[in-house]
Amino acid sequence: MDISSFFQQYWPFLALVLWLGYKWWNSKKVVGLLPKLRASGATFVDVRSAAEFAQANAPGSINIPLQELSSRLGEIPKTSPVVLCCASGSRSGMAKLVLKKNGYPTVYNVGAWTKLLN
């Protein structure tokens, strides 16, 4: 099997591996920045559902479910960094796109909310 046929056959798998690798790397990078972000007064937003948030959450985080985010942007200041979290990083990734589209200059996706506990 030559390299061309390998990529033609396995490109979906390779794309998935690259995406998961990027997601892992980015999350590690944000976790490393957490002390600095906390010191600078970052806003921590958990975009899980209200029921998920009620079961367990990181101290100091506010809950704005993803489906309500667009209508509740006024609760998130644009003047400080925003750190987003959810259960796995997918919803917070979508929330990051919403905030960036609405003019938030400094937005981070930490992934799972449990990473805020350290």
# chains A, B, ... in the order shown; residues from 1 in each chain; ligands from 1

call {"tool": "closest_atom_pairs", "arguments": {"of": "segment 2-81 of chain A", "to": "segment 101-104 of chain A", "cutoff": "9 Å", "atoms": "only C-alpha atoms", "output": "Markdown table"}}
result
| residue | atom | partner | partner_atom | distance |
| --- | --- | --- | --- | --- |
| A:Ser70 | CA | A:Asn102 | CA | 8.9 |
| A:Leu73 | CA | A:Asn102 | CA | 8.5 |
| A:Pro77 | CA | A:Tyr104 | CA | 8.4 |
| A:Lys78 | CA | A:Tyr104 | CA | 5.4 |
| A:Thr79 | CA | A:Tyr104 | CA | 8.2 |
| A:Ser80 | CA | A:Tyr104 | CA | 9.0 |
| A:Pro81 | CA | A:Tyr104 | CA | 8.4 |

call {"tool": "write_last_selection", "arguments": {"atoms": "C-alpha atoms", "output": "PDB file, in the first residue's frame"}}
result
ATOM      1  CA  SER A  70     -26.670  34.185  23.195  1.00  0.00           C
ATOM      2  CA  LEU A  73     -24.134  37.663  26.983  1.00  0.00           C
ATOM      3  CA  PRO A  77     -17.881  41.057  30.921  1.00  0.00           C
ATOM      4  CA  LYS A  78     -15.814  41.715  27.799  1.00  0.00           C
ATOM      5  CA  THR A  79     -13.116  43.461  29.823  1.00  0.00           C
ATOM      6  CA  SER A  80     -11.623  40.347  31.430  1.00  0.00           C
ATOM      7  CA  PRO A  81     -10.654  36.922  30.099  1.00  0.00           C
TER       8      PRO A  81
END

call {"tool": "residues_around", "arguments": {"residues": "Ser40 of chain A", "least_positions_apart": "3", "cutoff": "12 Å", "atoms": "only C-alpha atoms", "output": "number ranges by chain"}}
result
A: 33-37, 43-44, 79-83, 106

call {"tool": "write_last_selection", "arguments": {"atoms": "N, CA and C atoms", "output": "compact mmCIF listing (two decimals), in the first residue's frame"}}
result
# COMPACT_ATOMS: atom_id res chain seq x y z
N LEU A 33 -2.43 27.90 32.14
CA LEU A 33 -2.67 29.34 32.28
C LEU A 33 -3.63 29.69 33.42
N LEU A 34 -4.28 28.70 34.01
CA LEU A 34 -5.32 28.97 35.01
C LEU A 34 -4.86 29.86 36.16
N PRO A 35 -3.70 29.64 36.77
CA PRO A 35 -3.30 30.54 37.87
C PRO A 35 -3.22 32.01 37.42
N LYS A 36 -2.66 32.24 36.27
CA LYS A 36 -2.56 33.60 35.74
C LYS A 36 -3.95 34.17 35.43
N LEU A 37 -4.82 33.35 34.86
CA LEU A 37 -6.18 33.80 34.53
C LEU A 37 -6.97 34.12 35.79
N THR A 43 -13.45 35.45 34.16
CA THR A 43 -14.80 34.95 34.43
C THR A 43 -14.85 33.49 33.99
N PHE A 44 -15.29 32.61 34.88
CA PHE A 44 -15.38 31.19 34.59
C PHE A 44 -16.83 30.82 34.34
N THR A 79 -14.35 42.82 29.39
CA THR A 79 -13.12 43.46 29.82
C THR A 79 -12.13 42.53 30.50
N SER A 80 -12.54 41.31 30.80
CA SER A 80 -11.62 40.35 31.43
C SER A 80 -11.67 39.04 30.65
N PRO A 81 -10.65 38.20 30.80
CA PRO A 81 -10.65 36.92 30.10
C PRO A 81 -11.85 36.06 30.52
N VAL A 82 -12.29 35.22 29.61
CA VAL A 82 -13.40 34.30 29.88
C VAL A 82 -12.87 32.88 29.68
N VAL A 83 -13.11 32.03 30.69
CA VAL A 83 -12.72 30.63 30.62
C VAL A 83 -14.00 29.81 30.59
N THR A 106 -10.77 37.79 24.61
CA THR A 106 -9.92 36.79 25.24
C THR A 106 -10.78 35.67 25.82

call {"tool": "atom_distance", "arguments": {"atom1": "atom CA of Ala50 of chain A", "atom2": "atom CA of Pro105 of chain A"}}
result
26.2 Å

call {"tool": "closest_residue", "arguments": {"among": "A:Val31, A:Val45, A:Val98, A:Leu84", "to": "Leu117 of chain A", "atoms": "only C-alpha atoms"}}
result
A:Val31

call {"tool": "closest_residue", "arguments": {"among": "A:Val107, A:Ser4, A:Thr114, A:Val47", "to": "Asn63 of chain A", "atoms": "only C-alpha atoms"}}
result
A:Val47

call {"tool": "select_by_dssp", "arguments": {"residues": "chain A", "states": "strand (DSSP E)", "output": "list in words"}}
result
Thr43, Phe44, Val45, Asp46, Ile62, Asn63, Val82, Val83, Leu84, Cys85, Cys86, Val107, Tyr108, Asn109, Val110, Gly111 and Ala112 of chain A

call {"tool": "residues_around", "arguments": {"residues": "Met94 of chain A", "least_positions_apart": "5", "cutoff": "12 Å", "atoms": "only C-alpha atoms", "output": "list in words"}}
result
Val47, Arg48, Pro65, Leu66, Gln67, Leu69, Ser70, Leu84, Cys85, Cys86, Ser88, Gly89, Leu99, Lys100, Lys101, Val107, Tyr108, Asn109 and Gly111 of chain A

call {"tool": "residues_around", "arguments": {"residues": "segment 16-23 of chain A", "least_positions_apart": "4", "cutoff": "12 Å", "atoms": "only C-alpha atoms", "output": "list in words"}}
result
Tyr10, Trp11, Pro12, Ser27, Lys28, Lys29, Val30, Ser88, Gly89, Ser90, Ser92, Gly93, Tyr108, Asn109, Val110, Gly111 and Ala112 of chain A

call {"tool": "atom_distance", "arguments": {"atom1": "atom CA of Leu116 of chain A", "atom2": "atom CA of Ala15 of chain A"}}
result
28.3 Å

call {"tool": "select_by_dssp", "arguments": {"residues": "chain A", "states": "alpha helix (DSSP H)", "output": "ChimeraX atom specification"}}
result
/A:3-39,50-55,90-101

call {"tool": "write_last_selection", "arguments": {"atoms": "C-alpha atoms", "output": "PDB file, in the first residue's frame"}}
result
ATOM      1  CA  ILE A   3       1.108   6.543   0.963  1.00  0.00           C
ATOM      2  CA  SER A   4      -1.568   7.980  -1.336  1.00  0.00           C
ATOM      3  CA  SER A   5      -3.897   4.999  -1.013  1.00  0.00           C
ATOM      4  CA  PHE A   6      -3.234   4.907   2.757  1.00  0.00           C
ATOM      5  CA  PHE A   7      -4.459   8.520   3.128  1.00  0.00           C
ATOM      6  CA  GLN A   8      -7.425   7.911   0.831  1.00  0.00           C
ATOM      7  CA  GLN A   9      -8.507   4.940   2.907  1.00  0.00           C
ATOM      8  CA  TYR A  10      -7.763   6.250   6.405  1.00  0.00           C
ATOM      9  CA  TRP A  11      -8.185  10.038   6.163  1.00  0.00           C
ATOM     10  CA  PRO A  12     -11.322  10.133   8.387  1.00  0.00           C
ATOM     11  CA  PHE A  13      -9.481   8.276  11.143  1.00  0.00           C
ATOM     12  CA  LEU A  14      -6.426  10.507  10.782  1.00  0.00           C
ATOM     13  CA  ALA A  15      -8.582  13.641  10.901  1.00  0.00           C
ATOM     14  CA  LEU A  16     -10.246  12.398  14.088  1.00  0.00           C
ATOM     15  CA  VAL A  17      -6.888  11.657  15.707  1.00  0.00           C
ATOM     16  CA  LEU A  18      -5.606  15.127  14.782  1.00  0.00           C
ATOM     17  CA  TRP A  19      -8.748  16.794  16.133  1.00  0.00           C
ATOM     18  CA  LEU A  20      -8.576  14.872  19.435  1.00  0.00           C
ATOM     19  CA  GLY A  21      -4.872  15.643  19.722  1.00  0.00           C
ATOM     20  CA  TYR A  22      -5.485  19.349  19.213  1.00  0.00           C
ATOM     21  CA  LYS A  23      -8.318  19.322  21.747  1.00  0.00           C
ATOM     22  CA  TRP A  24      -6.064  17.608  24.328  1.00  0.00           C
ATOM     23  CA  TRP A  25      -3.110  19.945  23.653  1.00  0.00           C
ATOM     24  CA  ASN A  26      -5.236  23.093  23.844  1.00  0.00           C
ATOM     25  CA  SER A  27      -6.827  21.989  27.100  1.00  0.00           C
ATOM     26  CA  LYS A  28      -3.404  21.318  28.652  1.00  0.00           C
ATOM     27  CA  LYS A  29      -2.292  24.785  27.564  1.00  0.00           C
ATOM     28  CA  VAL A  30      -5.311  26.451  29.193  1.00  0.00           C
ATOM     29  CA  VAL A  31      -4.880  24.442  32.409  1.00  0.00           C
ATOM     30  CA  GLY A  32      -1.331  25.805  32.605  1.00  0.00           C
ATOM     31  CA  LEU A  33      -2.670  29.345  32.282  1.00  0.00           C
ATOM     32  CA  LEU A  34      -5.321  28.975  35.009  1.00  0.00           C
ATOM     33  CA  PRO A  35      -3.296  30.542  37.869  1.00  0.00           C
ATOM     34  CA  LYS A  36      -2.559  33.604  35.741  1.00  0.00           C
ATOM     35  CA  LEU A  37      -6.178  33.798  34.530  1.00  0.00           C
ATOM     36  CA  ARG A  38      -7.523  33.574  38.084  1.00  0.00           C
ATOM     37  CA  ALA A  39      -5.130  36.318  39.192  1.00  0.00           C
ATOM     38  CA  ALA A  50     -28.607  23.711  34.946  1.00  0.00           C
ATOM     39  CA  ALA A  51     -29.240  20.132  36.133  1.00  0.00           C
ATOM     40  CA  GLU A  52     -25.651  19.087  35.360  1.00  0.00           C
ATOM     41  CA  PHE A  53     -24.304  22.191  37.104  1.00  0.00           C
ATOM     42  CA  ALA A  54     -26.495  21.554  40.178  1.00  0.00           C
ATOM     43  CA  GLN A  55     -25.067  18.045  40.553  1.00  0.00           C
ATOM     44  CA  SER A  90     -17.468  20.159  22.980  1.00  0.00           C
ATOM     45  CA  ARG A  91     -20.164  22.547  24.226  1.00  0.00           C
ATOM     46  CA  SER A  92     -17.564  24.940  25.605  1.00  0.00           C
ATOM     47  CA  GLY A  93     -15.897  24.860  22.180  1.00  0.00           C
ATOM     48  CA  MET A  94     -19.177  25.967  20.604  1.00  0.00           C
ATOM     49  CA  ALA A  95     -19.592  28.605  23.307  1.00  0.00           C
ATOM     50  CA  LYS A  96     -16.132  29.957  22.510  1.00  0.00           C
ATOM     51  CA  LEU A  97     -17.207  30.484  18.894  1.00  0.00           C
ATOM     52  CA  VAL A  98     -20.334  32.354  20.066  1.00  0.00           C
ATOM     53  CA  LEU A  99     -18.330  34.649  22.345  1.00  0.00           C
ATOM     54  CA  LYS A 100     -15.633  35.356  19.746  1.00  0.00           C
ATOM     55  CA  LYS A 101     -18.345  36.157  17.188  1.00  0.00           C
TER      56      LYS A 101
END

call {"tool": "atom_distance", "arguments": {"atom1": "atom CA of Ala87 of chain A", "atom2": "atom CA of Ala42 of chain A"}}
result
19.7 Å

call {"tool": "decode", "arguments": {"residues": "segment 15-34 of chain A", "atoms": "N, CA and C atoms", "output": "PDB file, in the first residue's frame"}}
result
ATOM      1  N   ALA A  15      -7.996  12.340  10.544  1.00  0.00           N
ATOM      2  CA  ALA A  15      -8.582  13.641  10.901  1.00  0.00           C
ATOM      3  C   ALA A  15      -9.101  13.618  12.336  1.00  0.00           C
ATOM      4  N   LEU A  16      -9.742  12.526  12.729  1.00  0.00           N
ATOM      5  CA  LEU A  16     -10.246  12.398  14.088  1.00  0.00           C
ATOM      6  C   LEU A  16      -9.104  12.416  15.098  1.00  0.00           C
ATOM      7  N   VAL A  17      -8.049  11.688  14.814  1.00  0.00           N
ATOM      8  CA  VAL A  17      -6.888  11.657  15.707  1.00  0.00           C
ATOM      9  C   VAL A  17      -6.272  13.050  15.841  1.00  0.00           C
ATOM     10  N   LEU A  18      -6.150  13.763  14.734  1.00  0.00           N
ATOM     11  CA  LEU A  18      -5.606  15.127  14.782  1.00  0.00           C
ATOM     12  C   LEU A  18      -6.497  16.057  15.595  1.00  0.00           C
ATOM     13  N   TRP A  19      -7.811  15.948  15.396  1.00  0.00           N
ATOM     14  CA  TRP A  19      -8.748  16.794  16.133  1.00  0.00           C
ATOM     15  C   TRP A  19      -8.673  16.510  17.628  1.00  0.00           C
ATOM     16  N   LEU A  20      -8.666  15.236  18.018  1.00  0.00           N
ATOM     17  CA  LEU A  20      -8.576  14.872  19.435  1.00  0.00           C
ATOM     18  C   LEU A  20      -7.239  15.314  20.032  1.00  0.00           C
ATOM     19  N   GLY A  21      -6.181  15.194  19.259  1.00  0.00           N
ATOM     20  CA  GLY A  21      -4.872  15.643  19.722  1.00  0.00           C
ATOM     21  C   GLY A  21      -4.850  17.133  19.962  1.00  0.00           C
ATOM     22  N   TYR A  22      -5.430  17.895  19.043  1.00  0.00           N
ATOM     23  CA  TYR A  22      -5.485  19.349  19.213  1.00  0.00           C
ATOM     24  C   TYR A  22      -6.308  19.708  20.445  1.00  0.00           C
ATOM     25  N   LYS A  23      -7.445  19.054  20.613  1.00  0.00           N
ATOM     26  CA  LYS A  23      -8.318  19.322  21.747  1.00  0.00           C
ATOM     27  C   LYS A  23      -7.571  19.059  23.066  1.00  0.00           C
ATOM     28  N   TRP A  24      -6.830  17.954  23.131  1.00  0.00           N
ATOM     29  CA  TRP A  24      -6.064  17.608  24.328  1.00  0.00           C
ATOM     30  C   TRP A  24      -4.966  18.646  24.574  1.00  0.00           C
ATOM     31  N   TRP A  25      -4.207  18.988  23.526  1.00  0.00           N
ATOM     32  CA  TRP A  25      -3.110  19.945  23.653  1.00  0.00           C
ATOM     33  C   TRP A  25      -3.619  21.311  24.101  1.00  0.00           C
ATOM     34  N   ASN A  26      -4.695  21.774  23.505  1.00  0.00           N
ATOM     35  CA  ASN A  26      -5.236  23.093  23.844  1.00  0.00           C
ATOM     36  C   ASN A  26      -5.713  23.123  25.293  1.00  0.00           C
ATOM     37  N   SER A  27      -6.357  22.059  25.724  1.00  0.00           N
ATOM     38  CA  SER A  27      -6.827  21.989  27.100  1.00  0.00           C
ATOM     39  C   SER A  27      -5.659  22.034  28.086  1.00  0.00           C
ATOM     40  N   LYS A  28      -4.591  21.298  27.794  1.00  0.00           N
ATOM     41  CA  LYS A  28      -3.404  21.318  28.652  1.00  0.00           C
ATOM     42  C   LYS A  28      -2.817  22.731  28.730  1.00  0.00           C
ATOM     43  N   LYS A  29      -2.817  23.417  27.611  1.00  0.00           N
ATOM     44  CA  LYS A  29      -2.292  24.785  27.564  1.00  0.00           C
ATOM     45  C   LYS A  29      -3.118  25.710  28.458  1.00  0.00           C
ATOM     46  N   VAL A  30      -4.434  25.596  28.385  1.00  0.00           N
ATOM     47  CA  VAL A  30      -5.311  26.451  29.193  1.00  0.00           C
ATOM     48  C   VAL A  30      -5.165  26.114  30.676  1.00  0.00           C
ATOM     49  N   VAL A  31      -5.070  24.830  31.010  1.00  0.00           N
ATOM     50  CA  VAL A  31      -4.880  24.442  32.409  1.00  0.00           C
ATOM     51  C   VAL A  31      -3.618  25.092  32.964  1.00  0.00           C
ATOM     52  N   GLY A  32      -2.563  25.152  32.179  1.00  0.00           N
ATOM     53  CA  GLY A  32      -1.331  25.805  32.605  1.00  0.00           C
ATOM     54  C   GLY A  32      -1.487  27.298  32.829  1.00  0.00           C
ATOM     55  N   LEU A  33      -2.430  27.903  32.139  1.00  0.00           N
ATOM     56  CA  LEU A  33      -2.670  29.345  32.282  1.00  0.00           C
ATOM     57  C   LEU A  33      -3.625  29.694  33.418  1.00  0.00           C
ATOM     58  N   LEU A  34      -4.285  28.697  34.013  1.00  0.00           N
ATOM     59  CA  LEU A  34      -5.321  28.975  35.009  1.00  0.00           C
ATOM     60  C   LEU A  34      -4.865  29.859  36.164  1.00  0.00           C
TER      61      LEU A  34
END
